[in-house]
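**Student:** Below: one structure in structure tokens.
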Amino acid sequence: MVEELHVVRNQKDTVFRMLFREKKELLELYNALNGSAYNSPDGLTICTLDNAIYMNFKNDISFLLDSELNLYEHQATYNPNMPLRDLVYIAKQLEKYARDETIYSSTLVKIPVPRFVVFYNGTGEQPERQILCLSDAFEKETAEPELELKVLMLNINLGHNKDLMEKCRTLKEYSQYVDRVRKYAKNMRIEEAVERAVTECIREGILADFLSAQRAEVIAVSIFEYNEEEEMRKIRASEYKSGKEEGIAQGIEQGLKLGIEQGIIEICKEMNLTFEQTAEKLKLRFNISEQEAQERVRHYWD
């Protein structure tokens with residue numbers, strides 16, 4: 001399965017993908033993650049889904065090395081659904097990998113070992129590393145899931161996973177660059193912040209060759225990434241506020257309803273009405289079933 005990774009111009013790119021679509025940098029990252037010492041980028045085969053999209057899911061970087069099929073994803077927003085997404089990716093990748101084999105024969109078809117990693121550098125707080133499991137999404141909890149997929153999620157913001165950063169200079173410098181963009185964007189327009197970050201990083205030797213060679217594209221991509229990240233943050237904040245306000249409104253409504261309910265029951269008791277008569281009045285007042293009315297009366301009756 002030899003299919004070179006394409007830069008899809010009709011799909012937004014990211015600085016992370018621009019950096020690690022090159023075999024040399026990708027091998028450096030793999031070695032840092034796995035404690036290995038491979039030194040020939042030619043032994044690494046980059047592969048991707050058609051047009052980098054399958055079922056509207058984007059595939060960042062996938063590659064074969066030493067009988068392992070590695071799927072690397074970059075996320076600026078925490079996504080607990082990455083195991084499910086990676087399940088879709090790996091199914092399609094393995095389908096292509098085994099397309100010249102027959103899976104209905106008595107011979108075992110060998111496949112590479114799948115490895116899944118998410119590199120997170122969003123602004124939300126996340127631990128140094130965590131494992132996201134497909135089984136966490138199961139509607140019913142099971143002690144021994146028959147289908148499982150585990151994704152290693154690493155926080156690559158500046159100051160996190162220092163050992164990994166020291167082993168992979170490209171990842172460390174990428175983290176430094178992103179941190180500068182965000183820092184400057186707090187006090188100036190994003191266009192000015194990115195321009196300043198790029199200029200300073202080149203001068204200080206941070207991703208200098210990469211930024212010098214692809215300055216215009218990096219600036220455009222960085223601005224897009226930052227604006228998208230900010231827009232997603234605003235959307236999440238708006239959804240939280242809306243949900244909070246809706247919850248408060250529902251709580252007030254429920255509280256008023258319970259207050260009326262309890263008041264009716266207390267009045268009925270003062271009038272010496274029976275349990276059944278009180279339940280009937282509650283049933284009519286709130287248009288509920290007889291069983292539910294009796295359960296509500298029982299709650300306050302004793």
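Letters A, B, ... go to the chains of the structure tokens in the order shown; residues in each chain start at 1; ligands are counted from 1 in the same order.
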Run DSSP on the backbone and give me the residues of segment 64-95 of chain A it puts in helix (DSSP H, G or I), as a list of chain:residue names.
**Tutor:**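 Taking segment 64-95 of chain A and keeping helix (DSSP H, G or I) gives A:Met82, A:Pro83, A:Leu84, A:Arg85, A:Asp86, A:Leu87, A:Val88, A:Tyr89, A:Ile90, A:Ala91, A:Lys92, A:Gln93, A:Leu94, A:Glu95.
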**Student:** Emit the selected residues as a JSON list (two decimals), in the first residue's frame, including N, CA, C and O atoms.
**Tutor:**
[["chain", "number", "residue", "atom", "x", "y", "z"],
["A", 82, "MET", "N", -12.86, 10.73, 19.06],
["A", 82, "MET", "CA", -11.73, 10.31, 18.24],
["A", 82, "MET", "C", -11.63, 8.79, 18.09],
["A", 82, "MET", "O", -11.29, 8.30, 16.99],
["A", 83, "PRO", "N", -11.92, 7.97, 19.11],
["A", 83, "PRO", "CA", -11.87, 6.51, 18.88],
["A", 83, "PRO", "C", -12.84, 6.06, 17.80],
["A", 83, "PRO", "O", -12.49, 5.21, 16.97],
["A", 84, "LEU", "N", -14.04, 6.63, 17.78],
["A", 84, "LEU", "CA", -15.01, 6.27, 16.75],
["A", 84, "LEU", "C", -14.53, 6.73, 15.38],
["A", 84, "LEU", "O", -14.66, 6.01, 14.38],
["A", 85, "ARG", "N", -14.00, 7.95, 15.32],
["A", 85, "ARG", "CA", -13.49, 8.45, 14.05],
["A", 85, "ARG", "C", -12.33, 7.59, 13.55],
["A", 85, "ARG", "O", -12.26, 7.24, 12.37],
["A", 86, "ASP", "N", -11.43, 7.22, 14.46],
["A", 86, "ASP", "CA", -10.30, 6.39, 14.06],
["A", 86, "ASP", "C", -10.74, 5.00, 13.64],
["A", 86, "ASP", "O", -10.09, 4.35, 12.80],
["A", 87, "LEU", "N", -11.83, 4.52, 14.21],
["A", 87, "LEU", "CA", -12.38, 3.22, 13.79],
["A", 87, "LEU", "C", -12.79, 3.28, 12.32],
["A", 87, "LEU", "O", -12.53, 2.36, 11.54],
["A", 88, "VAL", "N", -13.40, 4.39, 11.93],
["A", 88, "VAL", "CA", -13.79, 4.59, 10.53],
["A", 88, "VAL", "C", -12.54, 4.66, 9.65],
["A", 88, "VAL", "O", -12.46, 4.02, 8.60],
["A", 89, "TYR", "N", -11.53, 5.43, 10.10],
["A", 89, "TYR", "CA", -10.29, 5.56, 9.33],
["A", 89, "TYR", "C", -9.63, 4.19, 9.11],
["A", 89, "TYR", "O", -9.27, 3.82, 8.00],
["A", 90, "ILE", "N", -9.43, 3.47, 10.22],
["A", 90, "ILE", "CA", -8.65, 2.24, 10.15],
["A", 90, "ILE", "C", -9.38, 1.18, 9.34],
["A", 90, "ILE", "O", -8.75, 0.38, 8.63],
["A", 91, "ALA", "N", -10.70, 1.16, 9.40],
["A", 91, "ALA", "CA", -11.46, 0.19, 8.61],
["A", 91, "ALA", "C", -11.24, 0.44, 7.12],
["A", 91, "ALA", "O", -11.02, -0.50, 6.34],
["A", 92, "LYS", "N", -11.26, 1.70, 6.73],
["A", 92, "LYS", "CA", -11.05, 2.04, 5.32],
["A", 92, "LYS", "C", -9.60, 1.77, 4.91],
["A", 92, "LYS", "O", -9.34, 1.24, 3.83],
["A", 93, "GLN", "N", -8.66, 2.10, 5.78],
["A", 93, "GLN", "CA", -7.25, 1.87, 5.46],
["A", 93, "GLN", "C", -6.96, 0.37, 5.30],
["A", 93, "GLN", "O", -6.27, -0.05, 4.38],
["A", 94, "LEU", "N", -7.49, -0.44, 6.22],
["A", 94, "LEU", "CA", -7.23, -1.87, 6.16],
["A", 94, "LEU", "C", -7.93, -2.52, 4.97],
["A", 94, "LEU", "O", -7.45, -3.51, 4.42],
["A", 95, "GLU", "N", -9.08, -1.96, 4.60],
["A", 95, "GLU", "CA", -9.77, -2.46, 3.42],
["A", 95, "GLU", "C", -8.88, -2.29, 2.19],
["A", 95, "GLU", "O", -8.77, -3.18, 1.35]]
**Student:** Could you list, as a list in words, every residue within 12 Å of Lys183 of chain A, counting only C-alpha atoms and ignoring same-chain residues fewer than 5 positions away?
**Tutor:**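 Those residues are Thr123, Leu158, Gln176, Tyr177, Val178, Met188, Arg189, Ile190, Glu192, Ala193, Val194, Arg196, Ala197 and Tyr226 of chain A.
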**Student:** Mind writing the picked residues with C-alpha atoms as a short mmCIF file (atom, residue, chain, number, x, y, z; two decimals), in the first residue's frame?
**Tutor:**
data_model
loop_
_atom_site.label_atom_id
_atom_site.label_comp_id
_atom_site.auth_asym_id
_atom_site.auth_seq_id
_atom_site.Cartn_x
_atom_site.Cartn_y
_atom_site.Cartn_z
CA THR A 123 -6.73 26.39 24.93
CA LEU A 158 4.12 24.75 25.59
CA GLN A 176 6.73 27.60 20.80
CA TYR A 177 5.43 29.14 17.58
CA VAL A 178 1.76 28.50 18.44
CA MET A 188 -3.14 42.96 18.59
CA ARG A 189 -4.97 41.90 15.45
CA ILE A 190 -4.39 38.27 14.54
CA GLU A 192 -0.20 41.37 13.10
CA ALA A 193 0.29 38.71 15.77
CA VAL A 194 1.08 35.99 13.23
CA ARG A 196 5.33 39.16 14.40
CA ALA A 197 5.51 35.54 15.60
CA TYR A 226 -6.70 30.93 15.04
#
**Student:** Would you tabulate, counting only C-alpha atoms, all residues of segment 56-157 of chain A that have an atom at most 12 Å from an atom of segment 215-225 of chain A, showing the closest pair of atoms and their distance in Å to one decimal, sorted by chain then ascending number, as CSV?
**Tutor:**
residue,atom,partner,partner_atom,distance
A:His74,CA,A:Glu225,CA,11.8
A:Gln75,CA,A:Glu225,CA,10.8
A:Ala76,CA,A:Glu225,CA,8.7
A:Thr77,CA,A:Glu225,CA,11.2
A:Asn121,CA,A:Glu225,CA,11.7
A:Gly122,CA,A:Glu225,CA,10.9
**Student:** Which residue, A:Met18, A:Leu134, A:Ala185, A:Leu65, has the smallest gap to Glu230 of chain A when you use only C-alpha atoms?
**Tutor:**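 Residue with the minimum atom-to-atom distance to Glu230 of chain A: A:Ala185.
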**Student:** Grab the atom CA of Phe16 of chain A to atom CA of Thr45 of chain A distance for me, in Å with one decimal place.
**Tutor:**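 Separation of atom CA of Phe16 of chain A and atom CA of Thr45 of chain A: 18.6 Å.
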**Student:** Between A:Ile61, A:Ile111, A:Ile267, A:Ile131, single out the one closest to Asp13 of chain A, counting only C-alpha atoms.
**Tutor:**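 Result for the nearest residue to Asp13 of chain A: A:Ile61.
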**Student:** Quick one: pick out all strand (DSSP E) residues within segment 67-269 of chain A from a backbone DSSP run and write them as a ChimeraX atom specification.
**Tutor:** /A:68-75,113-120,129-133,150-155
**Student:** Could those selected residues go to a file with N, CA and C atoms, as a PDB file, in the first residue's frame?
**Tutor:**
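As a result, part-v3.pdb now contains:
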ATOM      1  N   GLU A  68       3.689  -1.357  11.341  1.00  0.00           N
ATOM      2  CA  GLU A  68       2.721  -0.607  12.125  1.00  0.00           C
ATOM      3  C   GLU A  68       2.042   0.430  11.235  1.00  0.00           C
ATOM      4  N   LEU A  69       0.732   0.531  11.362  1.00  0.00           N
ATOM      5  CA  LEU A  69      -0.023   1.549  10.635  1.00  0.00           C
ATOM      6  C   LEU A  69      -0.400   2.631  11.640  1.00  0.00           C
ATOM      7  N   ASN A  70       0.262   3.771  11.539  1.00  0.00           N
ATOM      8  CA  ASN A  70       0.110   4.863  12.501  1.00  0.00           C
ATOM      9  C   ASN A  70      -0.852   5.909  11.970  1.00  0.00           C
ATOM     10  N   LEU A  71      -1.823   6.272  12.789  1.00  0.00           N
ATOM     11  CA  LEU A  71      -2.741   7.353  12.445  1.00  0.00           C
ATOM     12  C   LEU A  71      -2.549   8.477  13.443  1.00  0.00           C
ATOM     13  N   TYR A  72      -2.025   9.609  12.981  1.00  0.00           N
ATOM     14  CA  TYR A  72      -1.783  10.779  13.814  1.00  0.00           C
ATOM     15  C   TYR A  72      -2.815  11.853  13.472  1.00  0.00           C
ATOM     16  N   GLU A  73      -3.403  12.425  14.502  1.00  0.00           N
ATOM     17  CA  GLU A  73      -4.375  13.504  14.318  1.00  0.00           C
ATOM     18  C   GLU A  73      -3.973  14.697  15.169  1.00  0.00           C
ATOM     19  N   HIS A  74      -4.180  15.889  14.638  1.00  0.00           N
ATOM     20  CA  HIS A  74      -3.948  17.115  15.389  1.00  0.00           C
ATOM     21  C   HIS A  74      -5.296  17.736  15.720  1.00  0.00           C
ATOM     22  N   GLN A  75      -5.494  18.130  16.987  1.00  0.00           N
ATOM     23  CA  GLN A  75      -6.764  18.702  17.423  1.00  0.00           C
ATOM     24  C   GLN A  75      -6.531  19.965  18.231  1.00  0.00           C
ATOM     25  N   VAL A 113       0.049  -3.500  12.631  1.00  0.00           N
ATOM     26  CA  VAL A 113      -0.483  -3.155  13.956  1.00  0.00           C
ATOM     27  C   VAL A 113      -0.958  -1.703  13.937  1.00  0.00           C
ATOM     28  N   PRO A 114      -2.227  -1.433  14.243  1.00  0.00           N
ATOM     29  CA  PRO A 114      -2.703  -0.041  14.235  1.00  0.00           C
ATOM     30  C   PRO A 114      -2.249   0.708  15.485  1.00  0.00           C
ATOM     31  N   ARG A 115      -1.852   1.965  15.308  1.00  0.00           N
ATOM     32  CA  ARG A 115      -1.480   2.851  16.415  1.00  0.00           C
ATOM     33  C   ARG A 115      -2.194   4.185  16.211  1.00  0.00           C
ATOM     34  N   PHE A 116      -2.794   4.708  17.280  1.00  0.00           N
ATOM     35  CA  PHE A 116      -3.579   5.930  17.166  1.00  0.00           C
ATOM     36  C   PHE A 116      -3.094   6.981  18.164  1.00  0.00           C
ATOM     37  N   VAL A 117      -2.775   8.169  17.662  1.00  0.00           N
ATOM     38  CA  VAL A 117      -2.304   9.256  18.530  1.00  0.00           C
ATOM     39  C   VAL A 117      -2.993  10.557  18.130  1.00  0.00           C
ATOM     40  N   VAL A 118      -3.433  11.312  19.135  1.00  0.00           N
ATOM     41  CA  VAL A 118      -3.976  12.651  18.921  1.00  0.00           C
ATOM     42  C   VAL A 118      -3.048  13.650  19.603  1.00  0.00           C
ATOM     43  N   PHE A 119      -2.640  14.670  18.867  1.00  0.00           N
ATOM     44  CA  PHE A 119      -1.808  15.739  19.412  1.00  0.00           C
ATOM     45  C   PHE A 119      -2.720  16.946  19.647  1.00  0.00           C
ATOM     46  N   TYR A 120      -2.940  17.252  20.912  1.00  0.00           N
ATOM     47  CA  TYR A 120      -3.885  18.316  21.290  1.00  0.00           C
ATOM     48  C   TYR A 120      -3.140  19.580  21.694  1.00  0.00           C
ATOM     49  N   ARG A 129      -1.332  13.477  29.239  1.00  0.00           N
ATOM     50  CA  ARG A 129      -1.680  12.367  28.356  1.00  0.00           C
ATOM     51  C   ARG A 129      -2.888  11.639  28.919  1.00  0.00           C
ATOM     52  N   GLN A 130      -3.687  11.095  28.044  1.00  0.00           N
ATOM     53  CA  GLN A 130      -4.838  10.312  28.455  1.00  0.00           C
ATOM     54  C   GLN A 130      -5.184   9.329  27.346  1.00  0.00           C
ATOM     55  N   ILE A 131      -5.903   8.288  27.727  1.00  0.00           N
ATOM     56  CA  ILE A 131      -6.334   7.278  26.774  1.00  0.00           C
ATOM     57  C   ILE A 131      -7.830   7.425  26.541  1.00  0.00           C
ATOM     58  N   LEU A 132      -8.218   7.624  25.302  1.00  0.00           N
ATOM     59  CA  LEU A 132      -9.622   7.684  24.924  1.00  0.00           C
ATOM     60  C   LEU A 132     -10.009   6.312  24.388  1.00  0.00           C
ATOM     61  N   CYS A 133     -11.079   5.745  24.913  1.00  0.00           N
ATOM     62  CA  CYS A 133     -11.486   4.393  24.542  1.00  0.00           C
ATOM     63  C   CYS A 133     -12.817   4.391  23.799  1.00  0.00           C
ATOM     64  N   LYS A 150      -8.220   2.133  21.283  1.00  0.00           N
ATOM     65  CA  LYS A 150      -7.666   3.090  22.230  1.00  0.00           C
ATOM     66  C   LYS A 150      -6.822   4.132  21.501  1.00  0.00           C
ATOM     67  N   VAL A 151      -7.049   5.388  21.868  1.00  0.00           N
ATOM     68  CA  VAL A 151      -6.327   6.506  21.263  1.00  0.00           C
ATOM     69  C   VAL A 151      -5.517   7.219  22.344  1.00  0.00           C
ATOM     70  N   LEU A 152      -4.237   7.378  22.097  1.00  0.00           N
ATOM     71  CA  LEU A 152      -3.385   8.135  23.017  1.00  0.00           C
ATOM     72  C   LEU A 152      -3.499   9.611  22.673  1.00  0.00           C
ATOM     73  N   MET A 153      -3.945  10.414  23.635  1.00  0.00           N
ATOM     74  CA  MET A 153      -4.064  11.855  23.417  1.00  0.00           C
ATOM     75  C   MET A 153      -2.993  12.570  24.233  1.00  0.00           C
ATOM     76  N   LEU A 154      -2.165  13.355  23.542  1.00  0.00           N
ATOM     77  CA  LEU A 154      -1.051  14.058  24.170  1.00  0.00           C
ATOM     78  C   LEU A 154      -1.264  15.560  24.097  1.00  0.00           C
ATOM     79  N   ASN A 155      -1.049  16.228  25.216  1.00  0.00           N
ATOM     80  CA  ASN A 155      -1.130  17.688  25.261  1.00  0.00           C
ATOM     81  C   ASN A 155       0.224  18.243  24.814  1.00  0.00           C
TER      82      ASN A 155
END
**Student:** Please indicate the distance in Å from atom CA of Ser67 of chain A to atom CA of Arg169 of chain A, rounded to one decimal place.
**Tutor:**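 Atom CA of Arg169 of chain A lies at a distance of 25.5 Å from atom CA of Ser67 of chain A.
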**Student:** Looking at A:Ser212, A:Asn157, A:Thr274, A:Ser175, which one is nearest to Glu125 of chain A, with distances taken over only C-alpha atoms?
**Tutor:**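 For Glu125 of chain A, the nearest of the given residues is A:Asn157.
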**Student:** Using only C-alpha atoms, which of the listed residues (A:Glu229, A:Asp66, A:Glu200, A:Glu270) sits closest to Tyr38 of chain A?
**Tutor:**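 The shortest atom-to-atom distance to Tyr38 of chain A comes from A:Asp66.
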**Student:** Just the number, please: distance in Å from atom CA of Gly263 of chain A to atom CA of Asn287 of chain A, one decimal.
**Tutor:**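 It comes out at 16.7 Å.
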